[in-house]
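Notes to accompany the following structure.
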Amino acid sequence: MACGSGQVPVSCNLCEENPKIEWKCLNCDMLMCDKCKEKIHVKFKFAKDHKVVSIEEVGLHAEEVDFSSISCQNHLKQNCFMFCKSCDCLVCPLCISETHNGHGLVAIKEGYEIHTNKLKTGQKNIRTKIDELKKRKAEVKDIESTEQSRLENTLKKIETQKNVLKNEVDKHIENLKSEVMKRWEALHLTTKKEENEVTLLIGSLESKNSEVDDVIQSNDGKRVFVDGLGLVQSMEEKITPPGTKFDSIPMFLPGQITPYNIGSLENVSIKGEIEIIKQFDSEISSVAFIAACSEDTLWINTGNTLQKIKIEWRIWKIIDQKEIDGLFSMACTPSKDLLFDSGGCVLKQISGQTSEVTDSIYDVKPFSFISAVHVNPDGKVIVGAYSGKSVYPAVGRRVVVVMDKSGKHEKTYEYDRHGNPIFTCVRNITTTKNGNICVVDRLSEDDRGRVVILSEDGDVINTFSGHPEFNTDKNPFKPKCAFTTHSDNIVVSKFASSILYFFNSSGNLIRWCDISKFRVSIPSAFCVADSGHTFIGCTGSKGKIYEVKIS
């Protein structure tokens, strides 16, 4: 009980001797020592149904709270004597008669405990939020520490690479360092900003926590109800940590010194490089596409007509013919089935056994259209695809998709390591033995384009946009077809031209040649048979097919 401004010890309500209070029965409103709880209270009627809690749970204070002088806020001459649970407020007799009659009215002491429990619940939430914010602060610190270590490691690699390269590369290295420092400064500013914001939130919550402690420790009923109500409301407000997403310091990936960017010594002579084995004359005007099923069996496309021909010495025999409305690309599988693109997102198939035309299992959804198809020696189907209605300009996604024999998408190539789209419109594809992918990428409706060499991991190894000896603004580079020779070199042809470009498997230009010197008219389609010989379909008054050996 209270005694002036001091306090006197409270003894056990049962033995009235032991001052060491450890328990309280909420039903009896009785304080007990441990001995009386175990020996006496258990003998009370219905004691087994009573709720007995430890003294730490009820926040025992040596002095009792005085509720006798709390004035009613609505009736100033009246003192509050009850608590309305329905309206969560103190009431006087006039309040009850005017407004709260029939409401859930309880004693002030019980209302005090209700509000105190709310404050404690709010305080617990504050502590939880403080712990969460401290954890986030630690995470931010860890991020900064990790990124600082990565920064040091990146700068070390950059310095190592700098020692290897000379002249113009030195300038490039300095640019790299400047960029990584900008990234670091941006990251550092961001982490510091969030750290400061979290610190301010923690400070605000700690201040509020201290206010709650002051109210609870004051044993002042008026403060609990008046000040505490506002604190409860403010503690219920949601606190959301900033949770900024930090852009990591980029790894430095050293480039390689290659003949492409340094220059190399190559024998450019084309003597003996191309040998014509056979020439086949026909009545067709041109060969648009050609695919080899075997050494002596080819599929050729002549516009809307698709013919399967068997070569017998220097003549060919048509063994199957299909009328196909719109064929844009085709390739043979190891099982001798022909895959072709005739518009849409699913490749068509002609069975090598039954000659039946069906939809294949190769579907490029979610992309809308296929633009090129290639089958590598392992039987994987590689297609160019795009989404959107417009081809030029490139609106929508442009990709190269690798599918296994079951049609499952294994890889999709779309962006370079800087996040920039690689392709505009994939028109032709070939592959090399080391897994590199060569793509003829058309850039505009007038057939301007470039050749892109991708590694199996999707890195752009090389690009080729024409030879300065032939290509200018007035005579731009217009690549048409690409194929891989038996010796694993890449050959690229041009629209309406007899010039062929030869690259190694990494896309480095080796040489060029004009095959008109070999009396071969303008080439329009290529394929390589299992024998290693190349078949060239040509455009002219009468389309010719040549079987050649390219060494």
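Labels for the structure tokens follow display order: chains A, B, ..., residues from 1 in each chain, ligands from 1.
Residues within 9 Å of A:Ile311, counting only C-alpha atoms and excluding same-chain residues fewer than 2 positions away, are Glu295, Asp296, Thr297, Leu298, Ile309, Trp313, Arg314, Ile315, Trp316, Lys317 and Ile318 of chain A.
Neighbouring residues of A:His188 at 12 Å or closer, counting only C-alpha atoms and skipping chain neighbours under 3 positions away, are Val140, Lys141, Ile143, Glu144, Ser145, Thr146, Glu147, Gln148, Leu151, Val180, Met181, Lys182, Arg183, Trp184, Glu185, Thr191, Lys192, Lys193, Glu194, Glu195, Phe246, Asp247, Ser248 and Ile249 of chain A.
The space separating atom CA of A:Gln353 from atom CA of A:Ala525 comes to 25.0 Å.
The shell of residues at most 8 Å from stretch 122-132 of chain A, with only C-alpha atoms counted and near chain neighbours (fewer than 4 positions) removed, consists of Lys118, Arg136, Ile202, Leu205, Glu206, Asn209, Val212, Val232, Met235, Glu236 and Ile239 of chain A.
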For the residues in that selection, give me C-alpha atoms as a PDB file, in the first residue's frame.
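For reference, selection.pdb as written:
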ATOM      1  CA  LYS A 118      -2.192  -3.506 -24.416  1.00  0.00           C
ATOM      2  CA  ARG A 136      18.494  -5.517 -41.174  1.00  0.00           C
ATOM      3  CA  ILE A 202      15.420   2.464 -34.125  1.00  0.00           C
ATOM      4  CA  LEU A 205      11.119   3.278 -31.439  1.00  0.00           C
ATOM      5  CA  GLU A 206      13.564   3.328 -28.522  1.00  0.00           C
ATOM      6  CA  ASN A 209       9.718   2.456 -25.716  1.00  0.00           C
ATOM      7  CA  VAL A 212       5.910   3.434 -22.462  1.00  0.00           C
ATOM      8  CA  VAL A 232      -1.101   2.302 -27.882  1.00  0.00           C
ATOM      9  CA  MET A 235       2.528   1.541 -31.402  1.00  0.00           C
ATOM     10  CA  GLU A 236      -0.054  -0.096 -33.621  1.00  0.00           C
ATOM     11  CA  ILE A 239       6.831   0.199 -39.237  1.00  0.00           C
TER      12      ILE A 239
END
* Enumerate, as number ranges by chain, the complete set of residues in stretch 277-392 of chain A that a backbone-based DSSP assignment places in strand (DSSP E or B). => A: 277-280, 286, 289-292, 297-301, 305-312, 315-323, 329-332, 338-341, 346-350, 357-363, 369-375, 381-386
Output of the above residues as a compact mmCIF listing (two decimals), in the first residue's frame, restricted to C-alpha atoms:
# COMPACT_ATOMS: atom_id res chain seq x y z
CA ILE A 277 32.88 -32.49 -107.91
CA LYS A 278 29.60 -32.52 -109.84
CA GLN A 279 27.17 -30.13 -111.51
CA PHE A 280 23.44 -30.85 -111.81
CA SER A 286 16.16 -21.11 -108.45
CA PHE A 289 16.66 -23.82 -99.57
CA ILE A 290 18.49 -27.12 -99.60
CA ALA A 291 18.96 -29.84 -96.94
CA ALA A 292 20.84 -33.13 -97.09
CA THR A 297 19.34 -37.64 -101.06
CA LEU A 298 18.41 -33.95 -100.81
CA TRP A 299 15.36 -31.84 -100.08
CA ILE A 300 15.23 -28.70 -102.22
CA ASN A 301 12.76 -25.85 -102.05
CA THR A 305 7.31 -26.58 -104.21
CA LEU A 306 9.33 -28.88 -101.99
CA GLN A 307 11.08 -31.76 -103.76
CA LYS A 308 12.93 -34.75 -102.40
CA ILE A 309 15.55 -35.81 -104.93
CA LYS A 310 17.90 -38.74 -105.20
CA ILE A 311 21.20 -38.17 -107.01
CA GLU A 312 22.23 -40.83 -109.48
CA ILE A 315 21.29 -36.53 -112.76
CA TRP A 316 18.70 -36.37 -110.03
CA LYS A 317 15.42 -38.19 -109.65
CA ILE A 318 12.40 -36.69 -107.85
CA ILE A 319 11.16 -39.27 -105.32
CA ASP A 320 8.69 -37.06 -103.42
CA GLN A 321 7.08 -33.67 -103.92
CA LYS A 322 5.00 -31.42 -101.64
CA GLU A 323 3.22 -28.17 -102.31
CA SER A 329 13.79 -22.29 -93.41
CA MET A 330 14.43 -26.05 -93.24
CA ALA A 331 16.83 -28.69 -91.89
CA CYS A 332 17.11 -32.49 -91.70
CA LEU A 338 12.68 -32.82 -92.52
CA LEU A 339 11.82 -29.90 -90.24
CA PHE A 340 10.64 -26.69 -91.85
CA ASP A 341 9.18 -23.34 -90.88
CA VAL A 346 5.59 -24.70 -84.38
CA LEU A 347 7.95 -26.37 -86.84
CA LYS A 348 6.33 -28.64 -89.44
CA GLN A 349 7.75 -32.09 -90.08
CA ILE A 350 7.89 -34.48 -93.01
CA VAL A 357 3.36 -33.83 -93.11
CA THR A 358 2.54 -33.08 -89.46
CA ASP A 359 3.22 -30.59 -86.72
CA SER A 360 6.50 -31.45 -84.98
CA ILE A 361 7.19 -31.47 -81.24
CA TYR A 362 9.30 -28.33 -81.63
CA ASP A 363 7.28 -25.39 -80.34
CA PHE A 369 7.11 -16.85 -84.95
CA ILE A 370 10.07 -18.95 -86.04
CA SER A 371 12.56 -17.27 -88.36
CA ALA A 372 15.30 -19.91 -88.83
CA VAL A 373 15.98 -23.58 -88.05
CA HIS A 374 19.16 -25.62 -87.75
CA VAL A 375 19.85 -29.16 -86.51
CA VAL A 381 17.19 -28.27 -82.86
CA ILE A 382 18.26 -24.62 -82.79
CA VAL A 383 15.80 -21.99 -83.96
CA GLY A 384 15.56 -18.26 -84.29
CA ALA A 385 12.28 -16.87 -82.95
CA TYR A 386 10.61 -13.58 -82.21
* Selection: 7 Å around stretch 215-221 of chain A, only C-alpha atoms, excl. self and same-chain fewer than 6 positions, as a PyMOL selection string -> chain A and resi 65-67+228
With N, CA and C atoms retained, export the selected residues as a PDB file, in the first residue's frame.
ATOM      1  N   VAL A  65      -2.326   1.164  -7.154  1.00  0.00           N
ATOM      2  CA  VAL A  65      -2.673   2.318  -7.990  1.00  0.00           C
ATOM      3  C   VAL A  65      -3.931   2.975  -7.439  1.00  0.00           C
ATOM      4  N   ASP A  66      -3.895   4.294  -7.371  1.00  0.00           N
ATOM      5  CA  ASP A  66      -5.036   5.062  -6.866  1.00  0.00           C
ATOM      6  C   ASP A  66      -5.887   5.518  -8.046  1.00  0.00           C
ATOM      7  N   PHE A  67      -7.132   5.014  -8.076  1.00  0.00           N
ATOM      8  CA  PHE A  67      -8.061   5.386  -9.157  1.00  0.00           C
ATOM      9  C   PHE A  67      -9.127   6.393  -8.708  1.00  0.00           C
ATOM     10  N   GLY A 228      -1.311   6.757 -22.201  1.00  0.00           N
ATOM     11  CA  GLY A 228      -1.169   5.394 -22.722  1.00  0.00           C
ATOM     12  C   GLY A 228      -2.022   5.136 -23.938  1.00  0.00           C
TER      13      GLY A 228
END
